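Data file: upload.cif. Format and content: mmCIF, N, CA and C atoms.
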data_query
loop_
_atom_site.label_atom_id
_atom_site.label_comp_id
_atom_site.auth_asym_id
_atom_site.auth_seq_id
_atom_site.Cartn_x
_atom_site.Cartn_y
_atom_site.Cartn_z
N GLU A 1 22.24 -14.70 2.60
CA GLU A 1 22.41 -13.76 1.50
C GLU A 1 21.74 -12.45 1.88
N GLN A 2 22.49 -11.39 1.88
CA GLN A 2 21.96 -10.08 2.26
C GLN A 2 21.58 -9.32 1.00
N VAL A 3 20.34 -8.91 0.91
CA VAL A 3 19.86 -8.13 -0.22
C VAL A 3 19.35 -6.80 0.31
N ARG A 4 19.83 -5.72 -0.26
CA ARG A 4 19.37 -4.41 0.16
C ARG A 4 17.97 -4.18 -0.38
N HIS A 5 17.08 -3.82 0.51
CA HIS A 5 15.74 -3.46 0.09
C HIS A 5 15.74 -2.00 -0.29
N LEU A 6 15.48 -1.74 -1.54
CA LEU A 6 15.49 -0.37 -2.04
C LEU A 6 14.06 0.10 -2.31
N GLY A 7 13.11 -0.70 -1.91
CA GLY A 7 11.70 -0.36 -2.11
C GLY A 7 10.94 -0.52 -0.82
N ILE A 8 9.66 -0.82 -0.94
CA ILE A 8 8.80 -0.94 0.22
C ILE A 8 7.98 -2.22 0.15
N ASP A 9 7.62 -2.75 1.31
CA ASP A 9 6.66 -3.85 1.38
C ASP A 9 5.28 -3.23 1.55
N ILE A 10 4.34 -3.67 0.73
CA ILE A 10 2.96 -3.19 0.82
C ILE A 10 2.10 -4.36 1.27
N GLU A 11 1.54 -4.25 2.46
CA GLU A 11 0.69 -5.33 2.97
C GLU A 11 -0.68 -5.29 2.31
N THR A 12 -1.20 -6.45 2.01
CA THR A 12 -2.54 -6.60 1.46
C THR A 12 -3.01 -8.02 1.74
N ASP A 13 -4.18 -8.36 1.31
CA ASP A 13 -4.70 -9.71 1.52
C ASP A 13 -3.98 -10.71 0.62
N CYS A 14 -3.80 -11.93 1.12
CA CYS A 14 -3.24 -13.00 0.30
C CYS A 14 -4.14 -13.21 -0.92
N GLY A 15 -3.52 -13.33 -2.09
CA GLY A 15 -4.28 -13.58 -3.31
C GLY A 15 -4.87 -12.34 -3.94
N GLN A 16 -4.67 -11.18 -3.32
CA GLN A 16 -5.17 -9.92 -3.89
C GLN A 16 -4.50 -9.66 -5.24
N SER A 17 -5.26 -9.17 -6.21
CA SER A 17 -4.69 -8.86 -7.52
C SER A 17 -3.66 -7.75 -7.39
N VAL A 18 -2.53 -7.92 -8.07
CA VAL A 18 -1.48 -6.92 -8.14
C VAL A 18 -1.55 -6.33 -9.54
N LYS A 19 -1.57 -4.99 -9.63
CA LYS A 19 -1.77 -4.32 -10.91
C LYS A 19 -0.56 -3.48 -11.27
N ALA A 20 -0.33 -3.36 -12.57
CA ALA A 20 0.77 -2.54 -13.08
C ALA A 20 0.55 -1.09 -12.68
N ALA A 21 1.61 -0.43 -12.21
CA ALA A 21 1.52 0.95 -11.77
C ALA A 21 1.40 1.92 -12.95
N ALA A 22 1.87 1.51 -14.12
CA ALA A 22 1.84 2.37 -15.30
C ALA A 22 2.00 1.49 -16.55
N ASP A 23 1.73 2.08 -17.71
CA ASP A 23 1.91 1.37 -18.97
C ASP A 23 3.38 1.00 -19.14
N GLY A 24 3.64 -0.17 -19.73
CA GLY A 24 5.01 -0.56 -19.98
C GLY A 24 5.10 -1.95 -20.57
N ARG A 25 6.32 -2.49 -20.56
CA ARG A 25 6.58 -3.83 -21.10
C ARG A 25 7.24 -4.66 -20.01
N VAL A 26 6.77 -5.90 -19.84
CA VAL A 26 7.34 -6.81 -18.85
C VAL A 26 8.73 -7.24 -19.33
N ILE A 27 9.77 -6.94 -18.54
CA ILE A 27 11.13 -7.33 -18.92
C ILE A 27 11.63 -8.51 -18.10
N TYR A 28 10.90 -8.87 -17.05
CA TYR A 28 11.24 -10.06 -16.28
C TYR A 28 9.98 -10.58 -15.61
N ALA A 29 9.78 -11.89 -15.67
CA ALA A 29 8.68 -12.54 -14.96
C ALA A 29 9.15 -13.94 -14.61
N GLY A 30 9.39 -14.18 -13.31
CA GLY A 30 9.86 -15.50 -12.92
C GLY A 30 10.31 -15.53 -11.47
N ASP A 31 10.99 -16.63 -11.12
CA ASP A 31 11.43 -16.81 -9.74
C ASP A 31 12.93 -17.02 -9.64
N GLY A 32 13.68 -16.55 -10.63
CA GLY A 32 15.12 -16.77 -10.67
C GLY A 32 15.92 -15.92 -9.70
N ILE A 33 15.32 -14.89 -9.14
CA ILE A 33 16.00 -14.04 -8.16
C ILE A 33 15.41 -14.40 -6.81
N LYS A 34 16.04 -15.35 -6.14
CA LYS A 34 15.47 -15.99 -4.95
C LYS A 34 15.04 -15.01 -3.86
N ALA A 35 15.75 -13.91 -3.71
CA ALA A 35 15.44 -12.98 -2.63
C ALA A 35 14.04 -12.38 -2.77
N PHE A 36 13.47 -12.41 -3.97
CA PHE A 36 12.17 -11.77 -4.19
C PHE A 36 11.09 -12.74 -4.61
N GLY A 37 11.35 -14.04 -4.55
CA GLY A 37 10.34 -15.03 -4.91
C GLY A 37 9.87 -14.83 -6.34
N ASN A 38 8.58 -15.01 -6.56
CA ASN A 38 8.02 -14.73 -7.89
C ASN A 38 8.06 -13.22 -8.10
N LEU A 39 8.67 -12.80 -9.20
CA LEU A 39 8.99 -11.40 -9.42
C LEU A 39 8.58 -10.98 -10.81
N VAL A 40 8.00 -9.77 -10.91
CA VAL A 40 7.70 -9.15 -12.21
C VAL A 40 8.39 -7.80 -12.23
N VAL A 41 9.07 -7.49 -13.35
CA VAL A 41 9.71 -6.20 -13.55
C VAL A 41 9.15 -5.60 -14.84
N ILE A 42 8.69 -4.35 -14.75
CA ILE A 42 8.10 -3.67 -15.91
C ILE A 42 8.91 -2.42 -16.21
N ARG A 43 9.30 -2.27 -17.50
CA ARG A 43 9.98 -1.04 -17.95
C ARG A 43 8.95 -0.13 -18.58
N HIS A 44 8.98 1.13 -18.17
CA HIS A 44 8.03 2.13 -18.65
C HIS A 44 8.72 3.11 -19.58
N ASN A 45 7.96 3.78 -20.43
CA ASN A 45 8.52 4.67 -21.45
C ASN A 45 9.25 5.87 -20.87
N ASN A 46 8.96 6.25 -19.64
CA ASN A 46 9.54 7.45 -19.02
C ASN A 46 10.89 7.18 -18.35
N GLY A 47 11.48 6.01 -18.61
CA GLY A 47 12.77 5.70 -18.00
C GLY A 47 12.64 5.02 -16.65
N LEU A 48 11.41 4.89 -16.15
CA LEU A 48 11.21 4.22 -14.87
C LEU A 48 11.02 2.72 -15.07
N THR A 49 11.43 1.96 -14.07
CA THR A 49 11.19 0.53 -14.01
C THR A 49 10.53 0.25 -12.68
N THR A 50 9.46 -0.58 -12.69
CA THR A 50 8.82 -0.96 -11.43
C THR A 50 9.03 -2.44 -11.20
N VAL A 51 9.21 -2.78 -9.93
CA VAL A 51 9.53 -4.15 -9.50
C VAL A 51 8.45 -4.60 -8.51
N TYR A 52 7.93 -5.81 -8.73
CA TYR A 52 6.86 -6.36 -7.90
C TYR A 52 7.32 -7.74 -7.43
N GLY A 53 7.64 -7.88 -6.15
CA GLY A 53 8.16 -9.14 -5.64
C GLY A 53 7.22 -9.84 -4.68
N TYR A 54 7.57 -11.10 -4.35
CA TYR A 54 6.82 -11.96 -3.43
C TYR A 54 5.43 -12.30 -3.95
N LEU A 55 5.26 -12.35 -5.27
CA LEU A 55 3.95 -12.69 -5.82
C LEU A 55 3.66 -14.17 -5.59
N ASP A 56 2.41 -14.48 -5.31
CA ASP A 56 1.99 -15.87 -5.17
C ASP A 56 1.82 -16.49 -6.55
N ASP A 57 1.45 -15.66 -7.50
CA ASP A 57 1.15 -16.12 -8.85
C ASP A 57 1.50 -15.00 -9.83
N ILE A 58 2.05 -15.36 -10.97
CA ILE A 58 2.38 -14.39 -12.02
C ILE A 58 1.45 -14.64 -13.20
N SER A 59 0.82 -13.58 -13.70
CA SER A 59 -0.13 -13.75 -14.80
C SER A 59 0.32 -13.06 -16.09
N VAL A 60 1.60 -12.65 -16.17
CA VAL A 60 2.14 -12.05 -17.38
C VAL A 60 3.45 -12.76 -17.75
N ARG A 61 3.85 -12.60 -19.00
CA ARG A 61 5.11 -13.18 -19.48
C ARG A 61 6.03 -12.07 -19.95
N GLU A 62 7.33 -12.37 -19.98
CA GLU A 62 8.29 -11.41 -20.49
C GLU A 62 7.91 -11.00 -21.90
N GLY A 63 8.03 -9.70 -22.19
CA GLY A 63 7.71 -9.18 -23.51
C GLY A 63 6.29 -8.65 -23.62
N LYS A 64 5.42 -9.01 -22.67
CA LYS A 64 4.03 -8.56 -22.74
C LYS A 64 3.94 -7.07 -22.47
N VAL A 65 3.15 -6.39 -23.29
CA VAL A 65 2.87 -4.97 -23.06
C VAL A 65 1.67 -4.89 -22.12
N VAL A 66 1.82 -4.12 -21.05
CA VAL A 66 0.74 -3.97 -20.07
C VAL A 66 0.34 -2.50 -19.98
N ASN A 67 -0.90 -2.30 -19.59
CA ASN A 67 -1.41 -0.96 -19.34
C ASN A 67 -1.58 -0.77 -17.84
N ARG A 68 -1.54 0.48 -17.42
CA ARG A 68 -1.75 0.78 -16.00
C ARG A 68 -3.05 0.11 -15.55
N GLY A 69 -2.98 -0.61 -14.43
CA GLY A 69 -4.16 -1.25 -13.88
C GLY A 69 -4.34 -2.69 -14.32
N ASP A 70 -3.57 -3.15 -15.33
CA ASP A 70 -3.65 -4.55 -15.73
C ASP A 70 -3.15 -5.45 -14.60
N VAL A 71 -3.81 -6.57 -14.38
CA VAL A 71 -3.39 -7.51 -13.35
C VAL A 71 -2.14 -8.24 -13.84
N ILE A 72 -1.09 -8.23 -13.01
CA ILE A 72 0.16 -8.90 -13.38
C ILE A 72 0.44 -10.12 -12.50
N GLY A 73 -0.34 -10.25 -11.41
CA GLY A 73 -0.15 -11.39 -10.52
C GLY A 73 -1.01 -11.26 -9.29
N LYS A 74 -0.73 -12.12 -8.31
CA LYS A 74 -1.46 -12.10 -7.04
C LYS A 74 -0.47 -11.99 -5.89
N ALA A 75 -0.88 -11.28 -4.85
CA ALA A 75 -0.02 -11.06 -3.69
C ALA A 75 0.23 -12.37 -2.95
N GLY A 76 1.46 -12.52 -2.47
CA GLY A 76 1.85 -13.70 -1.70
C GLY A 76 2.34 -13.31 -0.32
N LYS A 77 3.09 -14.20 0.31
CA LYS A 77 3.63 -13.94 1.66
C LYS A 77 4.86 -13.05 1.56
N LEU A 78 4.91 -12.03 2.41
CA LEU A 78 6.09 -11.18 2.48
C LEU A 78 7.24 -11.99 3.09
N LYS A 79 8.45 -11.69 2.68
CA LYS A 79 9.61 -12.41 3.18
C LYS A 79 9.76 -12.21 4.69
N ASN A 80 10.09 -13.30 5.38
CA ASN A 80 10.30 -13.27 6.84
C ASN A 80 9.10 -12.71 7.59
N SER A 81 7.89 -13.02 7.11
CA SER A 81 6.69 -12.49 7.73
C SER A 81 5.56 -13.50 7.54
N ASP A 82 4.56 -13.41 8.41
CA ASP A 82 3.37 -14.24 8.20
C ASP A 82 2.28 -13.42 7.52
N LYS A 83 2.62 -12.20 7.12
CA LYS A 83 1.67 -11.31 6.45
C LYS A 83 1.82 -11.43 4.93
N CYS A 84 0.77 -11.07 4.23
CA CYS A 84 0.78 -11.10 2.77
C CYS A 84 0.95 -9.69 2.21
N GLY A 85 1.43 -9.64 0.97
CA GLY A 85 1.60 -8.37 0.30
C GLY A 85 2.56 -8.51 -0.86
N ILE A 86 3.14 -7.39 -1.26
CA ILE A 86 4.14 -7.40 -2.32
C ILE A 86 5.30 -6.49 -1.92
N TYR A 87 6.44 -6.77 -2.53
CA TYR A 87 7.59 -5.85 -2.45
C TYR A 87 7.50 -4.98 -3.70
N PHE A 88 7.58 -3.65 -3.53
CA PHE A 88 7.46 -2.73 -4.65
C PHE A 88 8.66 -1.81 -4.67
N GLU A 89 9.28 -1.71 -5.84
CA GLU A 89 10.48 -0.89 -6.00
C GLU A 89 10.35 -0.11 -7.29
N VAL A 90 10.88 1.10 -7.30
CA VAL A 90 10.91 1.94 -8.50
C VAL A 90 12.34 2.35 -8.76
N ARG A 91 12.75 2.24 -10.02
CA ARG A 91 14.09 2.69 -10.42
C ARG A 91 13.98 3.64 -11.60
N LYS A 92 14.81 4.65 -11.60
CA LYS A 92 14.96 5.55 -12.74
C LYS A 92 16.27 5.14 -13.38
N ASN A 93 16.21 4.55 -14.57
CA ASN A 93 17.34 3.88 -15.19
C ASN A 93 17.80 2.80 -14.22
N VAL A 94 18.95 2.91 -13.56
CA VAL A 94 19.33 1.89 -12.59
C VAL A 94 19.32 2.42 -11.15
N THR A 95 18.94 3.68 -10.97
CA THR A 95 18.98 4.30 -9.65
C THR A 95 17.65 4.15 -8.93
N PRO A 96 17.64 3.61 -7.70
CA PRO A 96 16.39 3.50 -6.96
C PRO A 96 15.78 4.88 -6.68
N VAL A 97 14.45 4.94 -6.74
CA VAL A 97 13.69 6.15 -6.48
C VAL A 97 12.72 5.83 -5.35
N ASP A 98 12.44 6.80 -4.48
CA ASP A 98 11.50 6.56 -3.40
C ASP A 98 10.12 6.27 -4.00
N PRO A 99 9.61 5.03 -3.81
CA PRO A 99 8.33 4.68 -4.42
C PRO A 99 7.16 5.52 -3.92
N LEU A 100 7.29 6.07 -2.72
CA LEU A 100 6.20 6.89 -2.19
C LEU A 100 6.03 8.18 -3.00
N ASN A 101 7.08 8.59 -3.72
CA ASN A 101 6.96 9.76 -4.58
C ASN A 101 6.22 9.42 -5.88
N ILE A 102 6.14 8.13 -6.21
CA ILE A 102 5.52 7.70 -7.45
C ILE A 102 4.06 7.30 -7.23
N LEU A 103 3.79 6.65 -6.09
CA LEU A 103 2.44 6.16 -5.81
C LEU A 103 1.49 7.31 -5.54
N GLU A 104 0.26 7.13 -5.96
CA GLU A 104 -0.76 8.16 -5.70
C GLU A 104 -1.33 7.98 -4.33
#

As structure tokens - that is how I would like this structure written.
Amino acid sequence: EQVRHLGIDIETDCGQSVKAAADGRVIYAGDGIKAFGNLVVIRHNNGLTTVYGYLDDISVREGKVVNRGDVIGKAGKLKNSDKCGIYFEVRKNVTPVDPLNILE
């Protein structure tokens, strides 16, 4: 199954806390999209959506309101790699946006 990566892999330590990039509401939390393993998707008030994939553990549920910096899970193994981290993607409505323009 070929999945286009529209975001970036961010390497970090296994089990490192993953935090919400901005205030928003969790619209997806689960493992139903196999290409991204444990996945959290947060919708923000500014029309942006952030995607956090390859989590080892998810600590939020769908519908939960989160604030910037809240822990949403823990980093797991990156796909096809022995390294740990997360997959991070940003969308404006449904259009992918370069996440490096969003990250500080």

Can you tell me, as an mmCIF file with N, CA and C atoms, in the frame of the given file, what residues are no more than 12 Å from Tyr52 (chain A) when counting only C-alpha atoms, ignoring any on the same chain fewer than 3 positions away?
data_model
loop_
_atom_site.group_PDB
_atom_site.id
_atom_site.type_symbol
_atom_site.label_atom_id
_atom_site.label_comp_id
_atom_site.auth_asym_id
_atom_site.auth_seq_id
_atom_site.Cartn_x
_atom_site.Cartn_y
_atom_site.Cartn_z
ATOM 1 N N GLY A 7 13.110 -0.700 -1.910
ATOM 2 C CA GLY A 7 11.700 -0.360 -2.110
ATOM 3 C C GLY A 7 10.940 -0.520 -0.820
ATOM 4 N N ILE A 8 9.660 -0.820 -0.940
ATOM 5 C CA ILE A 8 8.800 -0.940 0.220
ATOM 6 C C ILE A 8 7.980 -2.220 0.150
ATOM 7 N N ASP A 9 7.620 -2.750 1.310
ATOM 8 C CA ASP A 9 6.660 -3.850 1.380
ATOM 9 C C ASP A 9 5.280 -3.230 1.550
ATOM 10 N N ILE A 10 4.340 -3.670 0.730
ATOM 11 C CA ILE A 10 2.960 -3.190 0.820
ATOM 12 C C ILE A 10 2.100 -4.360 1.270
ATOM 13 N N SER A 17 -5.260 -9.170 -6.210
ATOM 14 C CA SER A 17 -4.690 -8.860 -7.520
ATOM 15 C C SER A 17 -3.660 -7.750 -7.390
ATOM 16 N N VAL A 18 -2.530 -7.920 -8.070
ATOM 17 C CA VAL A 18 -1.480 -6.920 -8.140
ATOM 18 C C VAL A 18 -1.550 -6.330 -9.540
ATOM 19 N N LYS A 19 -1.570 -4.990 -9.630
ATOM 20 C CA LYS A 19 -1.770 -4.320 -10.910
ATOM 21 C C LYS A 19 -0.560 -3.480 -11.270
ATOM 22 N N ALA A 20 -0.330 -3.360 -12.570
ATOM 23 C CA ALA A 20 0.770 -2.540 -13.080
ATOM 24 C C ALA A 20 0.550 -1.090 -12.680
ATOM 25 N N ALA A 21 1.610 -0.430 -12.210
ATOM 26 C CA ALA A 21 1.520 0.950 -11.770
ATOM 27 C C ALA A 21 1.400 1.920 -12.950
ATOM 28 N N VAL A 26 6.770 -5.900 -19.840
ATOM 29 C CA VAL A 26 7.340 -6.810 -18.850
ATOM 30 C C VAL A 26 8.730 -7.240 -19.330
ATOM 31 N N ILE A 27 9.770 -6.940 -18.540
ATOM 32 C CA ILE A 27 11.130 -7.330 -18.920
ATOM 33 C C ILE A 27 11.630 -8.510 -18.100
ATOM 34 N N TYR A 28 10.900 -8.870 -17.050
ATOM 35 C CA TYR A 28 11.240 -10.060 -16.280
ATOM 36 C C TYR A 28 9.980 -10.580 -15.610
ATOM 37 N N ALA A 29 9.780 -11.890 -15.670
ATOM 38 C CA ALA A 29 8.680 -12.540 -14.960
ATOM 39 C C ALA A 29 9.150 -13.940 -14.610
ATOM 40 N N GLY A 30 9.390 -14.180 -13.310
ATOM 41 C CA GLY A 30 9.860 -15.500 -12.920
ATOM 42 C C GLY A 30 10.310 -15.530 -11.470
ATOM 43 N N ASP A 31 10.990 -16.630 -11.120
ATOM 44 C CA ASP A 31 11.430 -16.810 -9.740
ATOM 45 C C ASP A 31 12.930 -17.020 -9.640
ATOM 46 N N ILE A 33 15.320 -14.890 -9.140
ATOM 47 C CA ILE A 33 16.000 -14.040 -8.160
ATOM 48 C C ILE A 33 15.410 -14.400 -6.810
ATOM 49 N N PHE A 36 13.470 -12.410 -3.970
ATOM 50 C CA PHE A 36 12.170 -11.770 -4.190
ATOM 51 C C PHE A 36 11.090 -12.740 -4.610
ATOM 52 N N GLY A 37 11.350 -14.040 -4.550
ATOM 53 C CA GLY A 37 10.340 -15.030 -4.910
ATOM 54 C C GLY A 37 9.870 -14.830 -6.340
ATOM 55 N N ASN A 38 8.580 -15.010 -6.560
ATOM 56 C CA ASN A 38 8.020 -14.730 -7.890
ATOM 57 C C ASN A 38 8.060 -13.220 -8.100
ATOM 58 N N LEU A 39 8.670 -12.800 -9.200
ATOM 59 C CA LEU A 39 8.990 -11.400 -9.420
ATOM 60 C C LEU A 39 8.580 -10.980 -10.810
ATOM 61 N N VAL A 40 8.000 -9.770 -10.910
ATOM 62 C CA VAL A 40 7.700 -9.150 -12.210
ATOM 63 C C VAL A 40 8.390 -7.800 -12.230
ATOM 64 N N VAL A 41 9.070 -7.490 -13.350
ATOM 65 C CA VAL A 41 9.710 -6.200 -13.550
ATOM 66 C C VAL A 41 9.150 -5.600 -14.840
ATOM 67 N N ILE A 42 8.690 -4.350 -14.750
ATOM 68 C CA ILE A 42 8.100 -3.670 -15.910
ATOM 69 C C ILE A 42 8.910 -2.420 -16.210
ATOM 70 N N ARG A 43 9.300 -2.270 -17.500
ATOM 71 C CA ARG A 43 9.980 -1.040 -17.950
ATOM 72 C C ARG A 43 8.950 -0.130 -18.580
ATOM 73 N N THR A 49 11.430 1.960 -14.070
ATOM 74 C CA THR A 49 11.190 0.530 -14.010
ATOM 75 C C THR A 49 10.530 0.250 -12.680
ATOM 76 N N LEU A 55 5.260 -12.350 -5.270
ATOM 77 C CA LEU A 55 3.950 -12.690 -5.820
ATOM 78 C C LEU A 55 3.660 -14.170 -5.590
ATOM 79 N N ASP A 56 2.410 -14.480 -5.310
ATOM 80 C CA ASP A 56 1.990 -15.870 -5.170
ATOM 81 C C ASP A 56 1.820 -16.490 -6.550
ATOM 82 N N ASP A 57 1.450 -15.660 -7.500
ATOM 83 C CA ASP A 57 1.150 -16.120 -8.850
ATOM 84 C C ASP A 57 1.500 -15.000 -9.830
ATOM 85 N N ILE A 58 2.050 -15.360 -10.970
ATOM 86 C CA ILE A 58 2.380 -14.390 -12.020
ATOM 87 C C ILE A 58 1.450 -14.640 -13.200
ATOM 88 N N VAL A 71 -3.810 -6.570 -14.380
ATOM 89 C CA VAL A 71 -3.390 -7.510 -13.350
ATOM 90 C C VAL A 71 -2.140 -8.240 -13.840
ATOM 91 N N ILE A 72 -1.090 -8.230 -13.010
ATOM 92 C CA ILE A 72 0.160 -8.900 -13.380
ATOM 93 C C ILE A 72 0.440 -10.120 -12.500
ATOM 94 N N GLY A 73 -0.340 -10.250 -11.410
ATOM 95 C CA GLY A 73 -0.150 -11.390 -10.520
ATOM 96 C C GLY A 73 -1.010 -11.260 -9.290
ATOM 97 N N LYS A 74 -0.730 -12.120 -8.310
ATOM 98 C CA LYS A 74 -1.460 -12.100 -7.040
ATOM 99 C C LYS A 74 -0.470 -11.990 -5.890
ATOM 100 N N ALA A 75 -0.880 -11.280 -4.850
ATOM 101 C CA ALA A 75 -0.020 -11.060 -3.690
ATOM 102 C C ALA A 75 0.230 -12.370 -2.950
ATOM 103 N N GLY A 76 1.460 -12.520 -2.470
ATOM 104 C CA GLY A 76 1.850 -13.700 -1.700
ATOM 105 C C GLY A 76 2.340 -13.310 -0.320
ATOM 106 N N LEU A 78 4.910 -12.030 2.410
ATOM 107 C CA LEU A 78 6.090 -11.180 2.480
ATOM 108 C C LEU A 78 7.240 -11.990 3.090
ATOM 109 N N GLY A 85 1.430 -9.640 0.970
ATOM 110 C CA GLY A 85 1.600 -8.370 0.300
ATOM 111 C C GLY A 85 2.560 -8.510 -0.860
ATOM 112 N N ILE A 86 3.140 -7.390 -1.260
ATOM 113 C CA ILE A 86 4.140 -7.400 -2.320
ATOM 114 C C ILE A 86 5.300 -6.490 -1.920
ATOM 115 N N TYR A 87 6.440 -6.770 -2.530
ATOM 116 C CA TYR A 87 7.590 -5.850 -2.450
ATOM 117 C C TYR A 87 7.500 -4.980 -3.700
ATOM 118 N N PHE A 88 7.580 -3.650 -3.530
ATOM 119 C CA PHE A 88 7.460 -2.730 -4.650
ATOM 120 C C PHE A 88 8.660 -1.810 -4.670
ATOM 121 N N GLU A 89 9.280 -1.710 -5.840
ATOM 122 C CA GLU A 89 10.480 -0.890 -6.000
ATOM 123 C C GLU A 89 10.350 -0.110 -7.290
ATOM 124 N N VAL A 90 10.880 1.100 -7.300
ATOM 125 C CA VAL A 90 10.910 1.940 -8.500
ATOM 126 C C VAL A 90 12.340 2.350 -8.760
ATOM 127 N N ARG A 91 12.750 2.240 -10.020
ATOM 128 C CA ARG A 91 14.090 2.690 -10.420
ATOM 129 C C ARG A 91 13.980 3.640 -11.600
ATOM 130 N N PRO A 99 9.610 5.030 -3.810
ATOM 131 C CA PRO A 99 8.330 4.680 -4.420
ATOM 132 C C PRO A 99 7.160 5.520 -3.920
#

Practice task
Name the residues that the PyMOL selection byres (((chain A and resi 63 and name CA) around 8) and name CA) pulls out of this structure, and write them as a PyMOL selection string.
Solution key: chain A and resi 25-27+61-62+64-65

Given the PyMOL selection byres ((chain A and resi 23) around 5), the residues it picks as a compact mmCIF listing (two decimals) with N, CA and C atoms, keeping the file's coordinate frame:
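The resulting selection_37.txt:
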# COMPACT_ATOMS: atom_id res chain seq x y z
N ALA A 21 1.61 -0.43 -12.21
CA ALA A 21 1.52 0.95 -11.77
C ALA A 21 1.40 1.92 -12.95
N ALA A 22 1.87 1.51 -14.12
CA ALA A 22 1.84 2.37 -15.30
C ALA A 22 2.00 1.49 -16.55
N GLY A 24 3.64 -0.17 -19.73
CA GLY A 24 5.01 -0.56 -19.98
C GLY A 24 5.10 -1.95 -20.57
N ARG A 25 6.32 -2.49 -20.56
CA ARG A 25 6.58 -3.83 -21.10
C ARG A 25 7.24 -4.66 -20.01
N HIS A 44 8.98 1.13 -18.17
CA HIS A 44 8.03 2.13 -18.65
C HIS A 44 8.72 3.11 -19.58
N VAL A 66 1.82 -4.12 -21.05
CA VAL A 66 0.74 -3.97 -20.07
C VAL A 66 0.34 -2.50 -19.98
N ASN A 67 -0.90 -2.30 -19.59
CA ASN A 67 -1.41 -0.96 -19.34
C ASN A 67 -1.58 -0.77 -17.84
N ARG A 68 -1.54 0.48 -17.42
CA ARG A 68 -1.75 0.78 -16.00
C ARG A 68 -3.05 0.11 -15.55

Problem - Length of the atom C of Lys92 (chain A) to atom N of Gly47 (chain A) vector [Å] - result: 7.1 Å

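Between atom N of Val94 (chain A) and atom C of Ser81 (chain A) the separation is 29.9 Å.
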
Output of the PyMOL selection byres ((chain A and resi 14) around 5), listed as a short mmCIF file (atom, residue, chain, number, x, y, z; two decimals) with N, CA and C atoms, in the coordinates of the input:
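So the final result, stored in result-v5.cif, reads:
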data_model
loop_
_atom_site.label_atom_id
_atom_site.label_comp_id
_atom_site.auth_asym_id
_atom_site.auth_seq_id
_atom_site.Cartn_x
_atom_site.Cartn_y
_atom_site.Cartn_z
N THR A 12 -1.20 -6.45 2.01
CA THR A 12 -2.54 -6.60 1.46
C THR A 12 -3.01 -8.02 1.74
N ASP A 13 -4.18 -8.36 1.31
CA ASP A 13 -4.70 -9.71 1.52
C ASP A 13 -3.98 -10.71 0.62
N GLY A 15 -3.52 -13.33 -2.09
CA GLY A 15 -4.28 -13.58 -3.31
C GLY A 15 -4.87 -12.34 -3.94
N GLN A 16 -4.67 -11.18 -3.32
CA GLN A 16 -5.17 -9.92 -3.89
C GLN A 16 -4.50 -9.66 -5.24
N ALA A 75 -0.88 -11.28 -4.85
CA ALA A 75 -0.02 -11.06 -3.69
C ALA A 75 0.23 -12.37 -2.95
N CYS A 84 0.77 -11.07 4.23
CA CYS A 84 0.78 -11.10 2.77
C CYS A 84 0.95 -9.69 2.21
#

Problem - Those in chain A with strand (DSSP E) from DSSP, as a ChimeraX atom specification - result: /A:8-11,17-19,24-30,38-43,48-58,65-66,71-77,84-92,95-97

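Pairwise distance (CA of Tyr54 (chain A), atom C of Lys83 (chain A)) equals 9.8 Å.
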
Could you please write out, as a CSV table (one decimal) with N, CA and C atoms, in the coordinates of the input, every residue of chain A that DSSP assigns to helix (DSSP H, G or I)?
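Result saved to selection_13.csv:
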chain,number,residue,atom,x,y,z
A,34,LYS,N,16.0,-15.4,-6.1
A,34,LYS,CA,15.5,-16.0,-5.0
A,34,LYS,C,15.0,-15.0,-3.9
A,35,ALA,N,15.8,-13.9,-3.7
A,35,ALA,CA,15.4,-13.0,-2.6
A,35,ALA,C,14.0,-12.4,-2.8
A,36,PHE,N,13.5,-12.4,-4.0
A,36,PHE,CA,12.2,-11.8,-4.2
A,36,PHE,C,11.1,-12.7,-4.6
A,99,PRO,N,9.6,5.0,-3.8
A,99,PRO,CA,8.3,4.7,-4.4
A,99,PRO,C,7.2,5.5,-3.9
A,100,LEU,N,7.3,6.1,-2.7
A,100,LEU,CA,6.2,6.9,-2.2
A,100,LEU,C,6.0,8.2,-3.0
A,101,ASN,N,7.1,8.6,-3.7
A,101,ASN,CA,7.0,9.8,-4.6
A,101,ASN,C,6.2,9.4,-5.9

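Of the listed residues (A:Gly69, A:Val60, A:Asn93, A:Asn80), A:Asn93 comes nearest to Asn46 (chain A); the distances count only N, CA and C atoms.
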